[in-house]
Structures are given as structure tokens and as C-alpha cells.
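coords-v8.cif (mmCIF, N, CA and C atoms) appears below.
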data_entry
loop_
_atom_site.label_atom_id
_atom_site.label_comp_id
_atom_site.auth_asym_id
_atom_site.auth_seq_id
_atom_site.Cartn_x
_atom_site.Cartn_y
_atom_site.Cartn_z
N GLN C 1 100.09 82.83 119.88
CA GLN C 1 99.43 84.09 120.23
C GLN C 1 99.08 84.86 118.96
N VAL C 2 97.81 85.21 118.84
CA VAL C 2 97.36 85.95 117.66
C VAL C 2 97.82 87.40 117.75
N GLN C 3 98.37 87.88 116.65
CA GLN C 3 98.77 89.28 116.59
C GLN C 3 98.47 89.86 115.22
N LEU C 4 97.97 91.07 115.22
CA LEU C 4 97.83 91.88 114.01
C LEU C 4 98.51 93.21 114.33
N VAL C 5 99.54 93.52 113.58
CA VAL C 5 100.32 94.71 113.88
C VAL C 5 100.29 95.64 112.67
N GLU C 6 99.62 96.78 112.84
CA GLU C 6 99.54 97.77 111.77
C GLU C 6 100.76 98.68 111.80
N SER C 7 101.13 99.17 110.64
CA SER C 7 102.22 100.14 110.52
C SER C 7 102.00 100.96 109.27
N GLY C 8 102.79 102.03 109.14
CA GLY C 8 102.72 102.86 107.95
C GLY C 8 101.93 104.14 108.10
N GLY C 9 101.32 104.33 109.24
CA GLY C 9 100.59 105.57 109.46
C GLY C 9 101.53 106.74 109.62
N GLY C 10 100.96 107.94 109.67
CA GLY C 10 101.76 109.13 109.83
C GLY C 10 100.98 110.35 109.45
N SER C 11 101.71 111.44 109.28
CA SER C 11 101.11 112.71 108.90
C SER C 11 101.43 113.01 107.45
N VAL C 12 100.44 113.47 106.73
CA VAL C 12 100.61 113.75 105.31
C VAL C 12 99.73 114.94 104.94
N GLN C 13 100.14 115.66 103.93
CA GLN C 13 99.35 116.79 103.44
C GLN C 13 98.20 116.29 102.56
N PRO C 14 97.15 117.08 102.45
CA PRO C 14 96.06 116.71 101.55
C PRO C 14 96.59 116.45 100.15
N GLY C 15 96.07 115.39 99.54
CA GLY C 15 96.54 114.98 98.23
C GLY C 15 97.67 113.99 98.26
N GLY C 16 98.22 113.75 99.44
CA GLY C 16 99.33 112.83 99.57
C GLY C 16 98.90 111.38 99.65
N SER C 17 99.88 110.51 99.83
CA SER C 17 99.63 109.07 99.87
C SER C 17 100.30 108.43 101.08
N LEU C 18 99.72 107.34 101.50
CA LEU C 18 100.30 106.50 102.53
C LEU C 18 99.98 105.05 102.20
N ARG C 19 100.85 104.16 102.62
CA ARG C 19 100.59 102.73 102.48
C ARG C 19 100.64 102.09 103.85
N LEU C 20 99.51 101.58 104.28
CA LEU C 20 99.43 100.90 105.57
C LEU C 20 99.69 99.41 105.37
N SER C 21 100.30 98.82 106.37
CA SER C 21 100.53 97.38 106.38
C SER C 21 99.97 96.80 107.66
N CYS C 22 99.57 95.56 107.59
CA CYS C 22 99.10 94.84 108.78
C CYS C 22 99.70 93.44 108.72
N ALA C 23 100.64 93.18 109.61
CA ALA C 23 101.32 91.90 109.66
C ALA C 23 100.63 90.98 110.65
N ALA C 24 100.29 89.79 110.20
CA ALA C 24 99.54 88.84 111.03
C ALA C 24 100.41 87.69 111.46
N SER C 25 100.12 87.17 112.63
CA SER C 25 100.80 85.98 113.13
C SER C 25 99.90 85.27 114.13
N GLY C 26 100.18 83.99 114.33
CA GLY C 26 99.44 83.23 115.33
C GLY C 26 98.17 82.58 114.83
N PHE C 27 97.87 82.71 113.55
CA PHE C 27 96.70 82.05 112.97
C PHE C 27 96.96 81.85 111.49
N THR C 28 96.09 81.07 110.85
CA THR C 28 96.27 80.75 109.43
C THR C 28 95.74 81.90 108.59
N PHE C 29 96.62 82.83 108.30
CA PHE C 29 96.25 84.08 107.63
C PHE C 29 95.48 83.82 106.34
N SER C 30 95.91 82.87 105.56
CA SER C 30 95.30 82.63 104.24
C SER C 30 93.86 82.14 104.33
N SER C 31 93.41 81.77 105.52
CA SER C 31 92.04 81.30 105.70
C SER C 31 91.08 82.41 106.12
N TYR C 32 91.61 83.59 106.32
CA TYR C 32 90.82 84.69 106.87
C TYR C 32 90.60 85.79 105.84
N ALA C 33 89.38 86.29 105.80
CA ALA C 33 89.12 87.53 105.08
C ALA C 33 89.69 88.67 105.91
N MET C 34 90.19 89.66 105.23
CA MET C 34 90.82 90.79 105.93
C MET C 34 90.12 92.09 105.56
N SER C 35 90.05 92.98 106.52
CA SER C 35 89.42 94.27 106.30
C SER C 35 90.22 95.37 106.97
N TRP C 36 90.00 96.58 106.48
CA TRP C 36 90.49 97.78 107.14
C TRP C 36 89.29 98.58 107.63
N TYR C 37 89.40 99.08 108.83
CA TYR C 37 88.42 99.96 109.43
C TYR C 37 89.14 101.23 109.87
N ARG C 38 88.37 102.26 110.17
CA ARG C 38 88.97 103.46 110.73
C ARG C 38 88.01 104.09 111.73
N GLN C 39 88.60 104.84 112.65
CA GLN C 39 87.81 105.55 113.64
C GLN C 39 88.38 106.94 113.84
N ALA C 40 87.57 107.90 113.49
CA ALA C 40 87.95 109.30 113.67
C ALA C 40 87.53 109.75 115.06
N PRO C 41 88.16 110.81 115.58
CA PRO C 41 87.82 111.29 116.92
C PRO C 41 86.33 111.62 117.03
N GLY C 42 85.70 111.08 118.06
CA GLY C 42 84.29 111.36 118.30
C GLY C 42 83.32 110.63 117.40
N LYS C 43 83.84 109.73 116.56
CA LYS C 43 82.97 109.00 115.64
C LYS C 43 83.09 107.49 115.88
N GLU C 44 82.12 106.77 115.36
CA GLU C 44 82.15 105.33 115.47
C GLU C 44 83.14 104.74 114.45
N ARG C 45 83.62 103.57 114.78
CA ARG C 45 84.51 102.87 113.85
C ARG C 45 83.73 102.49 112.59
N GLU C 46 84.33 102.70 111.43
CA GLU C 46 83.66 102.40 110.17
C GLU C 46 84.53 101.53 109.29
N TRP C 47 83.87 100.70 108.53
CA TRP C 47 84.56 99.83 107.60
C TRP C 47 85.05 100.63 106.40
N VAL C 48 86.25 100.32 105.93
CA VAL C 48 86.84 101.03 104.81
C VAL C 48 86.98 100.14 103.57
N ALA C 49 87.52 98.95 103.76
CA ALA C 49 87.77 98.07 102.61
C ALA C 49 87.95 96.64 103.11
N GLY C 50 87.67 95.69 102.22
CA GLY C 50 87.83 94.29 102.57
C GLY C 50 88.35 93.48 101.41
N ILE C 51 88.98 92.35 101.73
CA ILE C 51 89.51 91.44 100.70
C ILE C 51 89.31 90.02 101.18
N THR C 52 88.78 89.18 100.31
CA THR C 52 88.54 87.79 100.69
C THR C 52 89.84 87.01 100.69
N ASN C 53 89.76 85.81 101.26
CA ASN C 53 91.00 85.06 101.47
C ASN C 53 91.43 84.27 100.26
N TYR C 54 90.48 83.79 99.45
CA TYR C 54 90.85 82.88 98.37
C TYR C 54 90.81 83.56 97.00
N TYR C 55 89.67 84.12 96.66
CA TYR C 55 89.56 84.75 95.33
C TYR C 55 90.08 86.18 95.33
N LEU C 56 90.41 86.69 96.51
CA LEU C 56 90.97 88.04 96.64
C LEU C 56 90.00 89.08 96.11
N THR C 57 88.73 88.83 96.29
CA THR C 57 87.72 89.81 95.91
C THR C 57 87.80 91.01 96.85
N THR C 58 87.79 92.20 96.27
CA THR C 58 87.90 93.41 97.08
C THR C 58 86.60 94.20 97.05
N THR C 59 86.31 94.86 98.15
CA THR C 59 85.16 95.74 98.26
C THR C 59 85.58 96.97 99.03
N TYR C 60 84.89 98.08 98.76
CA TYR C 60 85.28 99.36 99.33
C TYR C 60 84.06 100.15 99.79
N ALA C 61 84.24 100.91 100.85
CA ALA C 61 83.26 101.92 101.21
C ALA C 61 83.26 103.00 100.15
N GLU C 62 82.14 103.69 100.04
CA GLU C 62 82.05 104.74 99.02
C GLU C 62 83.15 105.79 99.21
N SER C 63 83.49 106.06 100.44
CA SER C 63 84.49 107.09 100.73
C SER C 63 85.89 106.68 100.25
N ALA C 64 86.09 105.39 100.04
CA ALA C 64 87.41 104.87 99.66
C ALA C 64 87.53 104.54 98.18
N LYS C 65 86.42 104.38 97.52
CA LYS C 65 86.45 103.96 96.12
C LYS C 65 87.21 104.94 95.25
N GLY C 66 88.09 104.39 94.42
CA GLY C 66 88.86 105.21 93.50
C GLY C 66 90.11 105.83 94.11
N ARG C 67 90.24 105.77 95.44
CA ARG C 67 91.41 106.37 96.09
C ARG C 67 92.23 105.35 96.87
N PHE C 68 91.56 104.36 97.44
CA PHE C 68 92.24 103.36 98.29
C PHE C 68 92.26 102.02 97.57
N THR C 69 93.31 101.26 97.81
CA THR C 69 93.42 99.91 97.25
C THR C 69 93.86 98.95 98.36
N ILE C 70 93.06 97.92 98.58
CA ILE C 70 93.43 96.89 99.54
C ILE C 70 94.04 95.72 98.79
N SER C 71 95.06 95.14 99.37
CA SER C 71 95.70 93.97 98.78
C SER C 71 96.26 93.10 99.90
N ARG C 72 96.65 91.89 99.55
CA ARG C 72 97.22 91.00 100.56
C ARG C 72 98.29 90.13 99.93
N ASP C 73 99.23 89.72 100.76
CA ASP C 73 100.27 88.81 100.35
C ASP C 73 100.22 87.64 101.35
N ASN C 74 99.61 86.56 100.93
CA ASN C 74 99.45 85.43 101.85
C ASN C 74 100.78 84.79 102.21
N ALA C 75 101.77 84.93 101.35
CA ALA C 75 103.09 84.38 101.65
C ALA C 75 103.78 85.17 102.77
N LYS C 76 103.42 86.44 102.89
CA LYS C 76 104.01 87.29 103.93
C LYS C 76 103.06 87.54 105.09
N ASN C 77 101.88 86.93 105.04
CA ASN C 77 100.88 87.12 106.10
C ASN C 77 100.61 88.60 106.35
N THR C 78 100.45 89.34 105.28
CA THR C 78 100.32 90.79 105.40
C THR C 78 99.20 91.29 104.48
N VAL C 79 98.45 92.23 105.00
CA VAL C 79 97.45 92.94 104.19
C VAL C 79 97.85 94.41 104.14
N TYR C 80 97.57 95.04 103.01
CA TYR C 80 97.98 96.42 102.77
C TYR C 80 96.77 97.28 102.46
N LEU C 81 96.94 98.58 102.70
CA LEU C 81 95.97 99.56 102.25
C LEU C 81 96.75 100.73 101.66
N GLN C 82 96.71 100.83 100.35
CA GLN C 82 97.32 101.95 99.65
C GLN C 82 96.31 103.07 99.60
N MET C 83 96.67 104.22 100.14
CA MET C 83 95.75 105.34 100.22
C MET C 83 96.33 106.51 99.42
N ASN C 84 95.62 106.92 98.40
CA ASN C 84 96.05 108.04 97.57
C ASN C 84 95.04 109.18 97.67
N SER C 85 95.45 110.34 97.22
CA SER C 85 94.56 111.52 97.21
C SER C 85 93.90 111.71 98.57
N LEU C 86 94.71 111.66 99.60
CA LEU C 86 94.17 111.73 100.96
C LEU C 86 93.56 113.09 101.24
N LYS C 87 92.50 113.05 102.05
CA LYS C 87 91.76 114.24 102.41
C LYS C 87 91.79 114.40 103.93
N PRO C 88 91.57 115.60 104.43
CA PRO C 88 91.53 115.79 105.89
C PRO C 88 90.52 114.88 106.56
N GLU C 89 89.42 114.58 105.89
CA GLU C 89 88.41 113.70 106.50
C GLU C 89 88.85 112.25 106.57
N ASP C 90 89.99 111.93 106.00
CA ASP C 90 90.54 110.57 106.16
C ASP C 90 91.32 110.43 107.46
N THR C 91 91.48 111.51 108.18
CA THR C 91 92.19 111.46 109.46
C THR C 91 91.46 110.54 110.43
N ALA C 92 92.17 109.55 110.94
CA ALA C 92 91.57 108.55 111.82
C ALA C 92 92.65 107.58 112.27
N VAL C 93 92.28 106.75 113.22
CA VAL C 93 93.09 105.58 113.54
C VAL C 93 92.58 104.44 112.65
N TYR C 94 93.50 103.80 111.96
CA TYR C 94 93.15 102.74 111.02
C TYR C 94 93.49 101.38 111.65
N TYR C 95 92.52 100.47 111.57
CA TYR C 95 92.65 99.15 112.16
C TYR C 95 92.48 98.07 111.09
N CYS C 96 93.21 97.00 111.22
CA CYS C 96 92.93 95.84 110.38
C CYS C 96 92.18 94.81 111.20
N LYS C 97 91.41 94.00 110.50
CA LYS C 97 90.58 92.99 111.14
C LYS C 97 90.65 91.71 110.32
N ALA C 98 90.77 90.60 111.00
CA ALA C 98 90.77 89.28 110.37
C ALA C 98 89.51 88.55 110.78
N VAL C 99 88.81 87.98 109.81
CA VAL C 99 87.55 87.30 110.09
C VAL C 99 87.49 85.96 109.39
N ALA C 100 87.10 84.95 110.15
CA ALA C 100 86.77 83.64 109.58
C ALA C 100 85.62 83.09 110.41
N ALA C 101 85.09 81.97 110.02
CA ALA C 101 83.93 81.40 110.72
C ALA C 101 84.24 81.26 112.21
N GLY C 102 83.53 82.01 113.02
CA GLY C 102 83.67 81.88 114.46
C GLY C 102 84.81 82.64 115.09
N SER C 103 85.62 83.34 114.29
CA SER C 103 86.77 84.05 114.84
C SER C 103 86.91 85.42 114.23
N ALA C 104 87.33 86.37 115.04
CA ALA C 104 87.63 87.72 114.56
C ALA C 104 88.73 88.31 115.42
N TYR C 105 89.69 88.92 114.76
CA TYR C 105 90.83 89.52 115.46
C TYR C 105 91.03 90.95 114.95
N TRP C 106 91.45 91.81 115.89
CA TRP C 106 91.73 93.21 115.57
C TRP C 106 93.17 93.54 115.88
N GLY C 107 93.71 94.47 115.10
CA GLY C 107 94.99 95.05 115.42
C GLY C 107 94.82 96.22 116.38
N GLN C 108 95.95 96.83 116.74
CA GLN C 108 95.91 97.91 117.73
C GLN C 108 95.72 99.28 117.09
N GLY C 109 95.87 99.35 115.78
CA GLY C 109 95.62 100.60 115.07
C GLY C 109 96.87 101.39 114.78
N THR C 110 96.77 102.21 113.73
CA THR C 110 97.84 103.13 113.36
C THR C 110 97.20 104.46 112.98
N GLN C 111 97.79 105.54 113.47
CA GLN C 111 97.20 106.87 113.26
C GLN C 111 97.56 107.43 111.89
N VAL C 112 96.55 107.94 111.22
CA VAL C 112 96.74 108.66 109.96
C VAL C 112 96.19 110.07 110.14
N THR C 113 97.02 111.05 109.88
CA THR C 113 96.61 112.44 110.01
C THR C 113 96.86 113.16 108.69
N VAL C 114 95.81 113.75 108.15
CA VAL C 114 95.90 114.47 106.89
C VAL C 114 95.62 115.94 107.17
N SER C 115 96.65 116.73 107.03
CA SER C 115 96.51 118.14 107.40
C SER C 115 97.55 118.97 106.66
N SER C 116 97.16 120.20 106.35
CA SER C 116 98.12 121.11 105.73
C SER C 116 98.80 121.96 106.78
#
Hey, can you dump this file as C-alpha cells for me?
Amino acid sequence: QVQLVESGGGSVQPGGSLRLSCAASGFTFSSYAMSWYRQAPGKEREWVAGITNYYLTTTYAESAKGRFTISRDNAKNTVYLQMNSLKPEDTAVYYCKAVAAGSAYWGQGTQVTVSS
């Protein structure tokens, strides 16, 4: 059974940091590119960051560049999103996604709230 389980969300003040984790099981994690998406209330889901499976190439949305870092540990079947200098507009449910040829899996999401 394929599972992606996000954790690490919570409430933080502006300027704070959070580290999200997404633990994968039920598929060959090292063969999948991984991404983080987010969805704020009343808005469409948007891509935040991605990391390839082999060369570990990372890419970021403009809103995440310089503040967020995506990484993965293939030995632990886990992808991370380190988020620094958080802003109120980063408030959203954050989802991880696994993609390979012909397959895509989503996690259930973890809430991040940035508020003073």
C-alpha cells in the first residue's frame, strides 16, 4: 500500500522556521522525483519545490527561493522541506508528491500557520 505521510507542520510566528517531513512507503522511493506543494484557503494548490531522484537536482518556486530548502534521504525514504524566514503568506496545507513515469502519489497534507 502506497503511503506518503507528512509531518512537522504547526504554528509559528513570522520569521520563524519549520521543517516538514514526508515519509514514503509502498513504492520504490529512490525511483521517484519528489515535490512539495501547498494550498492556502480559497486558492489553488501550487508547486513549491522539487528534487529529482538520482542527481538530486532541486528547483524552487520564486516564493520559496532563498528561504526554503528541499532535500531527501533515500535510505530513510523521506523528503524534507526546511522553511526559514516564514511569512504569513506561507500559511497553507503543505503536501508532498511522488512522481515517476506513469505514477503519481500524494500525501494527506500538513498544516502550516504563520501568524503573530
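Evaluated against the shown file, the PyMOL selection byres ((chain C and resi 40) around 5) gives Arg38, Gln39, Pro41, Gly42, Lys43, Thr91, Ala92 and Val93 of chain C.
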Keeping only N, CA and C atoms, write the selected residues to a file as a PDB file, keeping the file's coordinate frame.
ATOM      1  N   ARG C  38      88.370 102.260 110.170  1.00  0.00           N
ATOM      2  CA  ARG C  38      88.970 103.460 110.730  1.00  0.00           C
ATOM      3  C   ARG C  38      88.010 104.090 111.730  1.00  0.00           C
ATOM      4  N   GLN C  39      88.600 104.840 112.650  1.00  0.00           N
ATOM      5  CA  GLN C  39      87.810 105.550 113.640  1.00  0.00           C
ATOM      6  C   GLN C  39      88.380 106.940 113.840  1.00  0.00           C
ATOM      7  N   PRO C  41      88.160 110.810 115.580  1.00  0.00           N
ATOM      8  CA  PRO C  41      87.820 111.290 116.920  1.00  0.00           C
ATOM      9  C   PRO C  41      86.330 111.620 117.030  1.00  0.00           C
ATOM     10  N   GLY C  42      85.700 111.080 118.060  1.00  0.00           N
ATOM     11  CA  GLY C  42      84.290 111.360 118.300  1.00  0.00           C
ATOM     12  C   GLY C  42      83.320 110.630 117.400  1.00  0.00           C
ATOM     13  N   LYS C  43      83.840 109.730 116.560  1.00  0.00           N
ATOM     14  CA  LYS C  43      82.970 109.000 115.640  1.00  0.00           C
ATOM     15  C   LYS C  43      83.090 107.490 115.880  1.00  0.00           C
ATOM     16  N   THR C  91      91.480 111.510 108.180  1.00  0.00           N
ATOM     17  CA  THR C  91      92.190 111.460 109.460  1.00  0.00           C
ATOM     18  C   THR C  91      91.460 110.540 110.430  1.00  0.00           C
ATOM     19  N   ALA C  92      92.170 109.550 110.940  1.00  0.00           N
ATOM     20  CA  ALA C  92      91.570 108.550 111.820  1.00  0.00           C
ATOM     21  C   ALA C  92      92.650 107.580 112.270  1.00  0.00           C
ATOM     22  N   VAL C  93      92.280 106.750 113.220  1.00  0.00           N
ATOM     23  CA  VAL C  93      93.090 105.580 113.540  1.00  0.00           C
ATOM     24  C   VAL C  93      92.580 104.440 112.650  1.00  0.00           C
TER      25      VAL C  93
END
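For the choices C:Thr57, C:Thr113, C:Ser21, C:Ser85, the atom-to-atom distance to Ala33 (chain C) is smallest for C:Thr57 when using only C-alpha atoms.
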The PyMOL selection byres ((chain C and resi 67) around 6) - which residues does that actually catch in the file I just gave you? List them as a short mmCIF file (atom, residue, chain, number, x, y, z; two decimals) with N, CA and C atoms, in the frame of the given file.
data_model
loop_
_atom_site.label_atom_id
_atom_site.label_comp_id
_atom_site.auth_asym_id
_atom_site.auth_seq_id
_atom_site.Cartn_x
_atom_site.Cartn_y
_atom_site.Cartn_z
N ALA C 64 86.09 105.39 100.04
CA ALA C 64 87.41 104.87 99.66
C ALA C 64 87.53 104.54 98.18
N LYS C 65 86.42 104.38 97.52
CA LYS C 65 86.45 103.96 96.12
C LYS C 65 87.21 104.94 95.25
N GLY C 66 88.09 104.39 94.42
CA GLY C 66 88.86 105.21 93.50
C GLY C 66 90.11 105.83 94.11
N PHE C 68 91.56 104.36 97.44
CA PHE C 68 92.24 103.36 98.29
C PHE C 68 92.26 102.02 97.57
N THR C 69 93.31 101.26 97.81
CA THR C 69 93.42 99.91 97.25
C THR C 69 93.86 98.95 98.36
N GLN C 82 96.71 100.83 100.35
CA GLN C 82 97.32 101.95 99.65
C GLN C 82 96.31 103.07 99.60
N MET C 83 96.67 104.22 100.14
CA MET C 83 95.75 105.34 100.22
C MET C 83 96.33 106.51 99.42
N ASN C 84 95.62 106.92 98.40
CA ASN C 84 96.05 108.04 97.57
C ASN C 84 95.04 109.18 97.67
N SER C 85 95.45 110.34 97.22
CA SER C 85 94.56 111.52 97.21
C SER C 85 93.90 111.71 98.57
#
DSSP on the backbone: what in chain C comes out strand (DSSP E), as a ChimeraX atom specification? /C:3-7,10-12,18-25,33-39,46-51,58-60,68-73,78-83,92-100,103-106,110-114
For the PyMOL selection byres (((chain C and resi 109 and name CA) around 6) and name CA), applied here, can you spell out every residue it catches as JSON, numbers by chain? {"C": [6, 93, 94, 95, 107, 108, 110]}
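Using all atoms listed in the file, the nearest neighbour of Asp73 (chain C) within the list C:Gln13, C:Ser30, C:Leu86, C:Tyr60 is C:Ser30.
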For a quick check of your reading of the model, name the residues lying within 9 Å of the coordinate (104.4, 103.0, 105.6), counting only C-alpha atoms, and write them as an MDAnalysis selection string. chainID C and resid 7:10 18:21
When DSSP is applied to the backbone of this structure, which of chain C are assigned helix (DSSP H, G or I)? Write them out as a short mmCIF file (atom, residue, chain, number, x, y, z; two decimals) with N, CA and C atoms, keeping the file's coordinate frame.
data_model
loop_
_atom_site.label_atom_id
_atom_site.label_comp_id
_atom_site.auth_asym_id
_atom_site.auth_seq_id
_atom_site.Cartn_x
_atom_site.Cartn_y
_atom_site.Cartn_z
N PHE C 29 96.62 82.83 108.30
CA PHE C 29 96.25 84.08 107.63
C PHE C 29 95.48 83.82 106.34
N SER C 30 95.91 82.87 105.56
CA SER C 30 95.30 82.63 104.24
C SER C 30 93.86 82.14 104.33
N SER C 31 93.41 81.77 105.52
CA SER C 31 92.04 81.30 105.70
C SER C 31 91.08 82.41 106.12
N PRO C 88 91.57 115.60 104.43
CA PRO C 88 91.53 115.79 105.89
C PRO C 88 90.52 114.88 106.56
N GLU C 89 89.42 114.58 105.89
CA GLU C 89 88.41 113.70 106.50
C GLU C 89 88.85 112.25 106.57
N ASP C 90 89.99 111.93 106.00
CA ASP C 90 90.54 110.57 106.16
C ASP C 90 91.32 110.43 107.46
#
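In this structure, CA of Thr52 (chain C) sits 6.5 Å away from CA of Met34 (chain C).
Residue nearest Val2 (chain C) within the list C:Gly15, C:Cys22, C:Glu62, C:Phe27: C:Phe27 [criterion: smallest interatomic distance, only N, CA and C atoms].
In this structure, CA of Ser11 (chain C) sits 22.0 Å away from CA of Ser71 (chain C).
With atom N of Ala24 (chain C) on one side and atom C of Trp36 (chain C) on the other, the separation reads 14.3 Å.
Nearest to Phe29 (chain C) of all the residues C:Gln3, C:Thr58, C:Ser17, C:Asn77 is C:Asn77, counting all atoms listed in the file.
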Taking into account all atoms listed in the file, which residue in the set C:Ser25, C:Glu44, C:Tyr32, C:Pro14 is nearest to Gln1 (chain C)? C:Ser25
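Closest approach to Ser31 (chain C) from the set C:Glu46, C:Ser115, C:Ala100, C:Leu56 is made by C:Ala100, with distances taken over only N, CA and C atoms.
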Six-sided padding of 3 Å per side, axis-aligned box over region 92-104 of chain C, centre and edges in Å, one decimal, as JSON:
{"center_x": 88.5, "center_y": 95.4, "center_z": 112.4, "size_x": 16.0, "size_y": 34.3, "size_z": 12.0}
